[in-house]
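All remarks here apply to the structure that follows.
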Amino acid sequence: RKEVEQDPGPFNVPEGATVAFNCTYSNSASQSFFWYRQDCRKEPKLLMSVYSSGNEDGRFTAQLNRASQYISLLIRDSKLSDSATYLCVVNVLMDSSYKLIFGSGTRLLVRP
Amino acid sequence: SAVISQKPSRDICQRGTSLTIQCQVDSQVTMMFWYRQQPGQSLTLIATANQGSEATYESGFVIDKFPISRPNLTFSTLTVSNMSPEDSSIYLCSVASGFLGLTYEQYFGPGTRLTVT
């Protein structure tokens, strides 16, 4: 089983739609969680950290469910510019140090 | 967040040769990492670059193949040695500040796209 699992998509949605991505992680000792965005042929860019209480940044809302080991990202009012791959990332204690484990990403296509 | 640059941005190399990739940060950072992203795949951590000491390599990566230097808190190099076509990938430097064990965020350089022929 992969340490961080995501639905690869693609999710193909019209502009203005609301879309949600889910992610599960296997290590219950995971300490912190992030969503990164990666555009084609570009480096990953931090979109937002995910806090236990859930957090919102404009049109983006992230939720964490530690009991189910599940993270979500909700995008409201999708824009064409939201088209990208969204990477779920988990900070895990391994071999006495913390490491980021990346999911394989969920691809989003927003169409006009 | 820190501004991170990598050189070269891309290269095409012949098998059997070596390439050194440089990563420069505009401010001192606690931690620097090297990742690889193969086509259509997610990121895989190669090693943590430790300032003034040997890098810490992940399973499947060895110092002879991927020697790393980190002479100070703003600069690191990764060498891909004795290259084969399987080494064709994007190599990314990333940085983080903070303390191990506490939540920290990583920021990535623009990557080096390597093609081995």
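As shown in the structure tokens, the chain order sets the letters A, B, ...; within each chain, residues go from 1, and ligands are also counted from 1 in the order they appear.
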Please build the interface table for chain A against chain B with a cut-off of 8 Å, listing for each qualifying residue the nearest atom pair and the distance in Å to one decimal; count only C-alpha atoms, order rows by chain and increasing number, and write it as a Markdown table.
| residue | atom | partner | partner_atom | distance |
| --- | --- | --- | --- | --- |
| A:Gln31 | CA | B:Thr103 | CA | 7.2 |
| A:Ser32 | CA | B:Thr103 | CA | 5.9 |
| A:Lys42 | CA | B:Pro110 | CA | 6.5 |
| A:Glu43 | CA | B:Pro110 | CA | 5.3 |
| A:Pro44 | CA | B:Phe108 | CA | 6.5 |
| A:Lys45 | CA | B:Tyr107 | CA | 6.8 |
| A:Leu46 | CA | B:Tyr107 | CA | 7.0 |
| A:Ser49 | CA | B:Glu105 | CA | 7.9 |
| A:Asn91 | CA | B:Thr103 | CA | 8.0 |
| A:Leu93 | CA | B:Gly101 | CA | 7.9 |
| A:Ser97 | CA | B:Leu100 | CA | 6.8 |
| A:Tyr98 | CA | B:Gly101 | CA | 6.3 |
| A:Ile101 | CA | B:Thr44 | CA | 7.9 |
| A:Phe102 | CA | B:Leu43 | CA | 6.2 |
| A:Gly103 | CA | B:Ser42 | CA | 6.6 |
| A:Ser104 | CA | B:Ser42 | CA | 4.6 |
| A:Gly105 | CA | B:Ser42 | CA | 6.9 |
Pull N, CA, C and O atoms from the residues just selected and write them as a compact mmCIF listing (two decimals), in the first residue's frame.
# COMPACT_ATOMS: atom_id res chain seq x y z
N GLN A 31 2.73 13.90 11.08
CA GLN A 31 2.62 15.07 11.93
C GLN A 31 1.99 16.28 11.24
O GLN A 31 1.29 17.04 11.87
N SER A 32 2.32 16.47 10.00
CA SER A 32 1.80 17.66 9.32
C SER A 32 1.50 17.32 7.87
O SER A 32 2.01 16.34 7.32
N LYS A 42 6.68 22.44 -14.35
CA LYS A 42 7.11 23.40 -13.35
C LYS A 42 7.33 22.68 -12.02
O LYS A 42 6.95 21.53 -11.85
N GLU A 43 7.95 23.40 -11.08
CA GLU A 43 8.16 22.81 -9.77
C GLU A 43 6.89 22.86 -8.93
O GLU A 43 6.02 23.71 -9.16
N PRO A 44 6.76 21.99 -7.93
CA PRO A 44 5.61 22.07 -7.02
C PRO A 44 5.66 23.37 -6.22
O PRO A 44 6.73 23.81 -5.79
N LYS A 45 4.49 23.94 -6.01
CA LYS A 45 4.40 25.15 -5.19
C LYS A 45 3.41 24.91 -4.06
O LYS A 45 2.34 24.34 -4.27
N LEU A 46 3.79 25.34 -2.88
CA LEU A 46 2.94 25.13 -1.71
C LEU A 46 1.64 25.90 -1.89
O LEU A 46 1.63 27.11 -2.10
N SER A 49 -1.00 24.66 3.93
CA SER A 49 -0.84 23.65 4.97
C SER A 49 -2.23 23.22 5.41
O SER A 49 -3.21 23.96 5.22
N ASN A 91 4.01 14.79 6.19
CA ASN A 91 5.30 14.85 6.90
C ASN A 91 5.34 13.69 7.89
O ASN A 91 4.55 13.64 8.83
N LEU A 93 7.54 10.81 10.34
CA LEU A 93 8.77 10.50 11.07
C LEU A 93 9.29 9.15 10.60
O LEU A 93 8.62 8.12 10.75
N SER A 97 14.04 10.99 11.60
CA SER A 97 13.92 12.34 11.04
C SER A 97 12.61 12.44 10.27
O SER A 97 12.03 11.43 9.86
N TYR A 98 12.17 13.67 10.11
CA TYR A 98 10.91 13.89 9.41
C TYR A 98 11.16 14.04 7.92
O TYR A 98 12.10 14.71 7.49
N ILE A 101 6.45 12.95 2.32
CA ILE A 101 6.06 11.88 1.39
C ILE A 101 5.00 12.47 0.47
O ILE A 101 3.98 12.99 0.95
N PHE A 102 5.23 12.36 -0.83
CA PHE A 102 4.33 12.96 -1.81
C PHE A 102 3.39 11.93 -2.39
O PHE A 102 3.81 10.81 -2.74
N GLY A 103 2.12 12.29 -2.50
CA GLY A 103 1.22 11.49 -3.30
C GLY A 103 1.54 11.68 -4.77
O GLY A 103 2.30 12.57 -5.15
N SER A 104 0.94 10.84 -5.59
CA SER A 104 1.24 10.90 -7.03
C SER A 104 0.47 12.00 -7.73
O SER A 104 0.72 12.28 -8.89
N GLY A 105 -0.46 12.65 -7.02
CA GLY A 105 -1.12 13.82 -7.59
C GLY A 105 -2.47 13.53 -8.20
O GLY A 105 -2.73 12.43 -8.69
Q.
With only C-alpha atoms as the counted atoms, please give the residues lying no more than 12 Å from Leu74 of chain A, apart from itself and same-chain residues fewer than 3 positions off, as a PyMOL selection string.
A. chain A and resi 17-23+35+48+50+54-64+71+77-78+82+86+108
Export of prior selection with C-alpha atoms as a compact mmCIF listing (two decimals), in the first residue's frame:
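What landed in out_21.txt:
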# COMPACT_ATOMS: atom_id res chain seq x y z
CA ALA A 17 -17.77 24.35 -10.45
CA THR A 18 -16.84 23.11 -7.01
CA VAL A 19 -14.44 20.19 -6.94
CA ALA A 20 -13.05 18.12 -4.09
CA PHE A 21 -9.93 15.97 -3.90
CA ASN A 22 -9.29 13.34 -1.31
CA CYS A 23 -6.11 11.80 -0.02
CA TRP A 35 -1.36 20.52 -0.48
CA MET A 48 -1.64 25.46 1.76
CA VAL A 50 -3.62 21.55 6.45
CA GLY A 54 -9.44 22.74 8.96
CA ASN A 55 -8.48 25.92 7.20
CA GLU A 56 -9.60 28.11 4.37
CA ASP A 57 -7.72 30.38 1.99
CA GLY A 58 -10.03 32.19 -0.39
CA ARG A 59 -11.67 29.61 -2.63
CA PHE A 60 -9.64 26.76 -1.15
CA THR A 61 -10.60 24.77 1.94
CA ALA A 62 -8.52 21.98 3.43
CA GLN A 63 -9.72 19.45 5.97
CA LEU A 64 -7.93 16.81 8.02
CA ILE A 71 -7.14 14.82 3.94
CA ASP A 77 -15.80 28.61 -8.11
CA SER A 78 -13.11 26.93 -10.24
CA ASP A 82 -6.76 26.24 -11.36
CA TYR A 86 -2.57 18.82 -6.89
CA LEU A 108 -7.57 18.96 -12.51
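Using only C-alpha atoms, the shortest contact distance between Leu100 of chain A and any of A:Asp7, A:Glu15, A:Ser68, A:Tyr36 is found at A:Tyr36.
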Q: For segment 3-11 of chain B, list every protein, DNA or RNA residue within 6 Å, evaluated using only C-alpha atoms, and leave out those in the same chain fewer than 4 positions away; present the list as a list of chain:residue names.
A: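 In the requested form, the answer reads B:Ile21, B:Gln22, B:Cys23, B:Gln24, B:Val25, B:Asp26, B:Gly109, B:Thr112, B:Arg113, B:Leu114.
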Q: as JSON, numbers by chain, please: all residues of chain B that backbone DSSP puts in strand (DSSP E or B).
A: {"B": [4, 5, 6, 7, 10, 11, 12, 13, 19, 20, 21, 22, 23, 24, 25, 31, 32, 33, 34, 35, 36, 37, 43, 44, 45, 46, 47, 48, 49, 56, 57, 68, 69, 70, 71, 72, 75, 76, 77, 78, 79, 80, 89, 90, 91, 92, 93, 94, 95, 96, 106, 107, 108, 112, 113, 114, 115, 116]}
Q. Mind pulling up the distance from atom CA of Phe66 of chain B to atom CA of Trp34 of chain B?
A. 9.9 Å
Q: Just the residues within 7 Å of Ile68 of chain B, please, counting only C-alpha atoms, with nothing from its chain fewer than 4 positions along; format it as a VMD selection string.
A: chain B and resid 49 55 77 to 79
Convert the current residue selection to file output with all heavy atoms, as a compact mmCIF listing (two decimals), in the first residue's frame.
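And here's result.txt as it stands now:
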# COMPACT_ATOMS: atom_id res chain seq x y z
N ALA B 49 20.68 17.19 2.26
CA ALA B 49 22.04 17.75 2.20
C ALA B 49 22.36 18.39 3.54
O ALA B 49 21.69 19.32 3.96
CB ALA B 49 22.12 18.79 1.08
N ALA B 55 25.85 13.84 3.26
CA ALA B 55 24.40 13.83 3.07
C ALA B 55 23.78 12.54 3.60
O ALA B 55 24.46 11.52 3.73
CB ALA B 55 24.08 13.99 1.58
N THR B 77 25.19 21.22 -4.04
CA THR B 77 25.30 20.62 -5.37
C THR B 77 24.93 19.15 -5.29
O THR B 77 25.16 18.49 -4.28
CB THR B 77 26.72 20.74 -5.97
OG1 THR B 77 27.63 19.95 -5.19
CG2 THR B 77 27.18 22.18 -6.01
N LEU B 78 24.36 18.68 -6.39
CA LEU B 78 24.08 17.27 -6.59
C LEU B 78 24.76 16.85 -7.88
O LEU B 78 24.58 17.51 -8.90
CB LEU B 78 22.57 17.03 -6.71
CG LEU B 78 22.14 15.64 -7.20
CD1 LEU B 78 22.31 14.60 -6.11
CD2 LEU B 78 20.68 15.65 -7.67
N THR B 79 25.54 15.79 -7.84
CA THR B 79 26.15 15.24 -9.04
C THR B 79 25.47 13.93 -9.40
O THR B 79 25.26 13.08 -8.52
CB THR B 79 27.67 15.02 -8.84
OG1 THR B 79 28.29 16.28 -8.55
CG2 THR B 79 28.31 14.43 -10.08
